[in-house]
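Peer 1: mmCIF, C-alpha atoms, saved as model_8.cif, coming up:
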```cif
data_coords
loop_
_atom_site.label_atom_id
_atom_site.label_comp_id
_atom_site.auth_asym_id
_atom_site.auth_seq_id
_atom_site.Cartn_x
_atom_site.Cartn_y
_atom_site.Cartn_z
CA MET X 1438 29.83 -147.90 129.44
CA SER X 1439 29.49 -150.91 127.19
CA GLN X 1440 26.14 -152.27 126.15
CA VAL X 1441 25.20 -155.74 124.92
CA LYS X 1442 25.16 -156.00 121.15
CA GLU X 1443 24.91 -158.73 118.51
CA LYS X 1444 27.84 -161.20 118.58
CA ASP X 1445 28.89 -160.24 122.16
CA THR X 1446 29.60 -163.05 124.60
CA VAL X 1447 27.72 -162.37 127.82
CA LYS X 1448 27.21 -163.86 131.25
CA VAL X 1449 23.69 -163.46 132.55
CA HIS X 1450 21.84 -164.39 135.70
CA TYR X 1451 18.20 -165.16 134.97
CA THR X 1452 14.94 -166.43 136.41
CA GLY X 1453 12.35 -167.74 133.96
CA LYS X 1454 8.68 -167.64 134.98
CA LEU X 1455 5.29 -168.38 133.48
CA ALA X 1456 2.50 -165.79 133.46
CA ASP X 1457 1.14 -167.24 136.74
CA GLY X 1458 4.50 -166.60 138.45
CA GLN X 1459 5.63 -170.25 138.47
CA VAL X 1460 9.44 -170.43 138.11
CA PHE X 1461 10.54 -172.99 135.51
CA ASP X 1462 14.28 -172.27 135.46
CA SER X 1463 16.80 -170.06 137.24
CA SER X 1464 20.54 -169.52 137.58
CA GLU X 1465 20.04 -168.49 141.23
CA GLY X 1466 22.63 -170.24 143.37
CA LYS X 1467 24.52 -171.36 140.23
CA ASP X 1468 26.95 -169.84 137.78
CA PRO X 1469 25.43 -167.38 135.32
CA ILE X 1470 24.70 -168.66 131.82
CA GLU X 1471 27.37 -167.71 129.26
CA PHE X 1472 26.69 -167.57 125.53
CA THR X 1473 27.36 -165.57 122.37
CA LEU X 1474 24.45 -163.65 120.90
CA GLY X 1475 23.46 -164.45 117.33
CA GLN X 1476 24.42 -168.13 117.39
CA GLY X 1477 20.89 -169.39 118.03
CA GLN X 1478 21.84 -171.07 121.31
CA LEU X 1479 18.87 -169.55 123.15
CA ILE X 1480 15.32 -168.62 122.20
CA PRO X 1481 15.15 -165.42 120.10
CA GLY X 1482 13.16 -163.42 122.66
CA PHE X 1483 15.81 -164.03 125.34
CA GLU X 1484 18.65 -162.84 123.11
CA ASN X 1485 16.69 -159.84 121.81
CA GLY X 1486 15.82 -158.80 125.36
CA LEU X 1487 19.53 -158.48 126.22
CA ILE X 1488 20.39 -156.09 123.37
CA ASP X 1489 21.45 -152.64 124.70
CA MET X 1490 21.52 -153.78 128.35
CA LYS X 1491 24.48 -152.39 130.33
CA LEU X 1492 26.84 -154.25 132.65
CA ASN X 1493 25.12 -155.03 136.00
CA GLU X 1494 21.76 -153.83 134.65
CA LYS X 1495 18.67 -155.73 135.75
CA LYS X 1496 15.53 -155.96 133.64
CA THR X 1497 12.36 -158.03 133.30
CA ILE X 1498 11.33 -159.04 129.78
CA ASN X 1499 8.14 -160.62 128.48
CA ILE X 1500 8.60 -163.10 125.65
CA PRO X 1501 5.56 -164.08 123.58
CA MET X 1502 5.40 -167.78 122.66
CA THR X 1503 6.23 -166.90 119.04
CA GLU X 1504 9.70 -165.72 120.19
CA ALA X 1505 10.06 -168.61 122.65
CA TYR X 1506 9.14 -172.23 121.82
CA GLY X 1507 6.27 -171.48 119.44
CA GLU X 1508 2.84 -173.06 119.19
CA PRO X 1509 2.47 -176.74 120.12
CA ARG X 1510 2.57 -178.81 116.92
CA ALA X 1511 -0.11 -181.49 116.50
CA GLU X 1512 2.20 -183.72 114.45
CA LEU X 1513 4.44 -184.12 117.50
CA ILE X 1514 1.62 -185.82 119.43
CA GLN X 1515 1.29 -189.51 118.62
CA GLU X 1516 -0.42 -192.62 119.89
CA VAL X 1517 1.91 -195.57 120.39
CA GLU X 1518 1.14 -199.23 121.10
CA LYS X 1519 2.30 -200.22 124.59
CA SER X 1520 3.80 -203.33 122.98
CA GLN X 1521 6.40 -201.05 121.32
CA LEU X 1522 7.76 -200.02 124.71
CA PRO X 1523 10.52 -201.96 126.47
CA PRO X 1524 8.88 -204.47 128.87
CA GLU X 1525 10.46 -202.89 131.96
CA ILE X 1526 8.70 -199.55 131.33
CA SER X 1527 5.38 -198.95 133.04
CA PRO X 1528 4.18 -195.68 131.48
CA GLU X 1529 2.55 -193.00 133.63
CA VAL X 1530 1.21 -189.56 132.71
CA GLY X 1531 4.02 -187.00 132.98
CA MET X 1532 6.78 -189.59 132.53
CA GLY X 1533 9.59 -188.65 130.17
CA LEU X 1534 10.66 -191.05 127.43
CA VAL X 1535 13.35 -190.90 124.76
CA SER X 1536 12.64 -192.16 121.26
CA LYS X 1537 15.32 -192.89 118.69
CA GLY X 1538 14.51 -192.17 115.06
CA PRO X 1539 15.76 -194.26 112.12
CA ASP X 1540 18.63 -191.78 111.70
CA GLY X 1541 19.68 -192.32 115.34
CA GLN X 1542 18.49 -188.88 116.43
CA GLU X 1543 16.95 -188.85 119.90
CA MET X 1544 13.70 -187.08 120.72
CA ASN X 1545 12.41 -186.32 124.21
CA LEU X 1546 8.77 -187.28 124.69
CA LEU X 1547 6.31 -186.80 127.53
CA VAL X 1548 3.56 -189.32 128.26
CA ALA X 1549 0.35 -187.29 127.91
CA GLU X 1550 -2.21 -190.09 128.31
CA VAL X 1551 -2.22 -193.80 129.18
CA LYS X 1552 -4.93 -196.00 127.63
CA ASP X 1553 -5.51 -199.77 127.83
CA GLU X 1554 -3.40 -200.77 124.81
CA THR X 1555 -1.70 -197.49 123.86
CA ILE X 1556 -0.10 -194.36 125.22
CA VAL X 1557 -0.23 -190.82 123.83
CA VAL X 1558 3.20 -189.15 123.71
CA ASP X 1559 3.94 -185.47 123.16
CA GLY X 1560 7.21 -184.40 121.53
CA ASN X 1561 6.57 -180.67 121.92
CA HIS X 1562 8.86 -178.66 124.18
CA PRO X 1563 7.18 -178.42 127.62
CA LEU X 1564 7.07 -174.61 127.26
CA ALA X 1565 5.55 -174.61 123.74
CA GLY X 1566 2.43 -172.46 123.62
CA LYS X 1567 3.43 -170.42 126.67
CA ASP X 1568 4.43 -166.77 127.02
CA LEU X 1569 7.54 -166.46 129.21
CA ILE X 1570 8.83 -163.84 131.64
CA PHE X 1571 12.54 -163.52 132.43
CA ASP X 1572 14.26 -161.46 135.11
CA LEU X 1573 17.73 -160.75 133.69
CA GLU X 1574 20.97 -159.37 135.08
CA VAL X 1575 24.01 -158.85 132.86
CA VAL X 1576 27.13 -159.71 134.89
CA GLU X 1577 29.77 -159.74 132.12
CA ILE X 1578 30.12 -158.51 128.53
CA LYS X 1579 33.07 -159.70 126.41
#
```
When written as structure tokens, how does the structure in this file appear?
Peer 2:
Amino acid sequence: MSQVKEKDTVKVHYTGKLADGQVFDSSEGKDPIEFTLGQGQLIPGFENGLIDMKLNEKKTINIPMTEAYGEPRAELIQEVEKSQLPPEISPEVGMGLVSKGPDGQEMNLLVAEVKDETIVVDGNHPLAGKDLIFDLEVVEIK
């Protein structure tokens, strides 16, 4: 029976949870995710957890934050003058914003705090600093 190895293309059903059991993402009710191992498309811990799994095998893996989205980085948290925002935006905590850098690259930001004249935005991935748990099921190996 074949097992998942580096450079295989696989289809996987998954449910991603935090340590408290809160589900943050799942393929339940959708098509399984398809990707090729070793191309860096997914977090390292997810790919590593699939190695040696067999077709139709189910497994739960624990991924430490260092193999997921890493530690939150302080340099990605910034205070911005409200005057720099488009006038139609009324910032609220938890609101998502997109910032465009001088090179045209877009960055997703989350409003972390709203003050009188400024807002604090966080460019870290929402799962940075968190250990993750995934329930996996391999449904195809190519």
Peer 1: Any chance you could work out the residue set of the PyMOL selection byres ((chain X and resi 1442) around 10) here, as a ChimeraX atom specification?
Peer 2: /X:1439-1441,1443-1447,1473-1475,1484-1485,1487-1491,1578
Peer 1: Of the residues X:Leu1564, X:Ile1480, X:Leu1546, X:Leu1569, which is the one nearest to Glu1516 in chain X, using only C-alpha atoms?
Peer 2: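 Of X:Leu1564, X:Ile1480, X:Leu1546, X:Leu1569, the one nearest Glu1516 in chain X is X:Leu1546, counting only C-alpha atoms.
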Peer 1: Taking the file as shown, find all residues satisfying the PyMOL selection byres ((chain X and resi 1517) around 9) and write them as a list in words.
Peer 2: Gln1515, Glu1516, Glu1518, Lys1519, Ser1520, Gln1521, Leu1522, Glu1554, Thr1555, Ile1556, Val1557 and Val1558 of chain X
Peer 1: Kindly resolve the PyMOL selection byres ((chain X and resi 1507-1513) around 8) on the present coordinates and return the residues as a PDB file with C-alpha atoms, in the frame of the given file.
Peer 2:
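Once written, expr39.pdb looks like this:
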```
ATOM      1  CA  MET X1502       5.400-167.780 122.660  1.00  0.00           C
ATOM      2  CA  THR X1503       6.230-166.900 119.040  1.00  0.00           C
ATOM      3  CA  GLU X1504       9.700-165.720 120.190  1.00  0.00           C
ATOM      4  CA  ALA X1505      10.060-168.610 122.650  1.00  0.00           C
ATOM      5  CA  TYR X1506       9.140-172.230 121.820  1.00  0.00           C
ATOM      6  CA  ILE X1514       1.620-185.820 119.430  1.00  0.00           C
ATOM      7  CA  GLN X1515       1.290-189.510 118.620  1.00  0.00           C
ATOM      8  CA  ASP X1559       3.940-185.470 123.160  1.00  0.00           C
ATOM      9  CA  GLY X1560       7.210-184.400 121.530  1.00  0.00           C
ATOM     10  CA  ASN X1561       6.570-180.670 121.920  1.00  0.00           C
ATOM     11  CA  HIS X1562       8.860-178.660 124.180  1.00  0.00           C
ATOM     12  CA  ALA X1565       5.550-174.610 123.740  1.00  0.00           C
ATOM     13  CA  GLY X1566       2.430-172.460 123.620  1.00  0.00           C
ATOM     14  CA  LYS X1567       3.430-170.420 126.670  1.00  0.00           C
TER      15      LYS X1567
END
```
Peer 1: Please indicate the distance in Å from CA of Val1576 in chain X to CA of Ser1464 in chain X, rounded to one decimal place.
Peer 2: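 Spanning CA of Val1576 in chain X to CA of Ser1464 in chain X is a straight-line distance of 12.1 Å.
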Peer 1: Looking at all atoms listed in the file, which of X:Gln1542, X:Glu1550, X:His1450, X:Val1535 is the one that sits closest to Asn1493 in chain X?
Peer 2: X:His1450
Peer 1: What is the distance between CA of Asp1457 in chain X and CA of Asn1545 in chain X, in Å to one decimal?
Peer 2: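 Rounded to one decimal, the two atoms are 25.5 Å apart.
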Peer 1: Write out as JSON an axis-aligned box for range 1469-1481 of chain X: all of its atoms listed in the file, 4 Å added on each side, centre and edge lengths in Å with one decimal.
Peer 2:
```
{"center_x": 21.3, "center_y": -167.4, "center_z": 126.3, "size_x": 20.2, "size_y": 15.4, "size_z": 26.0}
```
Peer 1: I'd like the neighbourhood of Ile1500 in chain X as a CSV table (one decimal) with C-alpha atoms, in the frame of the given file, where a residue qualifies if any of its atoms comes within 8 Å (using all atoms listed in the file), though same-chain residues fewer than 5 positions away should be ignored.
Peer 2:
```
chain,number,residue,atom,x,y,z
X,1482,GLY,CA,13.2,-163.4,122.7
X,1483,PHE,CA,15.8,-164.0,125.3
X,1505,ALA,CA,10.1,-168.6,122.6
X,1568,ASP,CA,4.4,-166.8,127.0
X,1569,LEU,CA,7.5,-166.5,129.2
X,1570,ILE,CA,8.8,-163.8,131.6
X,1571,PHE,CA,12.5,-163.5,132.4
```
Peer 1: So, counting only C-alpha atoms, which residue among X:Met1532, X:Ile1498, X:Val1548, X:Val1449 is closest to Asp1468 in chain X?
Peer 2: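 Nearest candidate to Asp1468 in chain X out of X:Met1532, X:Ile1498, X:Val1548, X:Val1449: X:Val1449.
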Peer 1: In terms of the shortest atom-to-atom distance over all atoms listed in the file, which of X:Glu1577, X:Glu1494, X:Glu1543, X:Glu1529 is closest to Glu1471 in chain X?
Peer 2: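 Counting all atoms listed in the file, the residue closest to Glu1471 in chain X is X:Glu1577.
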Peer 1: Pick from X:Ala1549, X:Pro1528, X:Glu1574, X:Lys1579: nearest to Thr1452 in chain X, with all atoms listed in the file counted?
Peer 2: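 Once distances to Thr1452 in chain X are computed over all atoms listed in the file, the minimum belongs to X:Glu1574.
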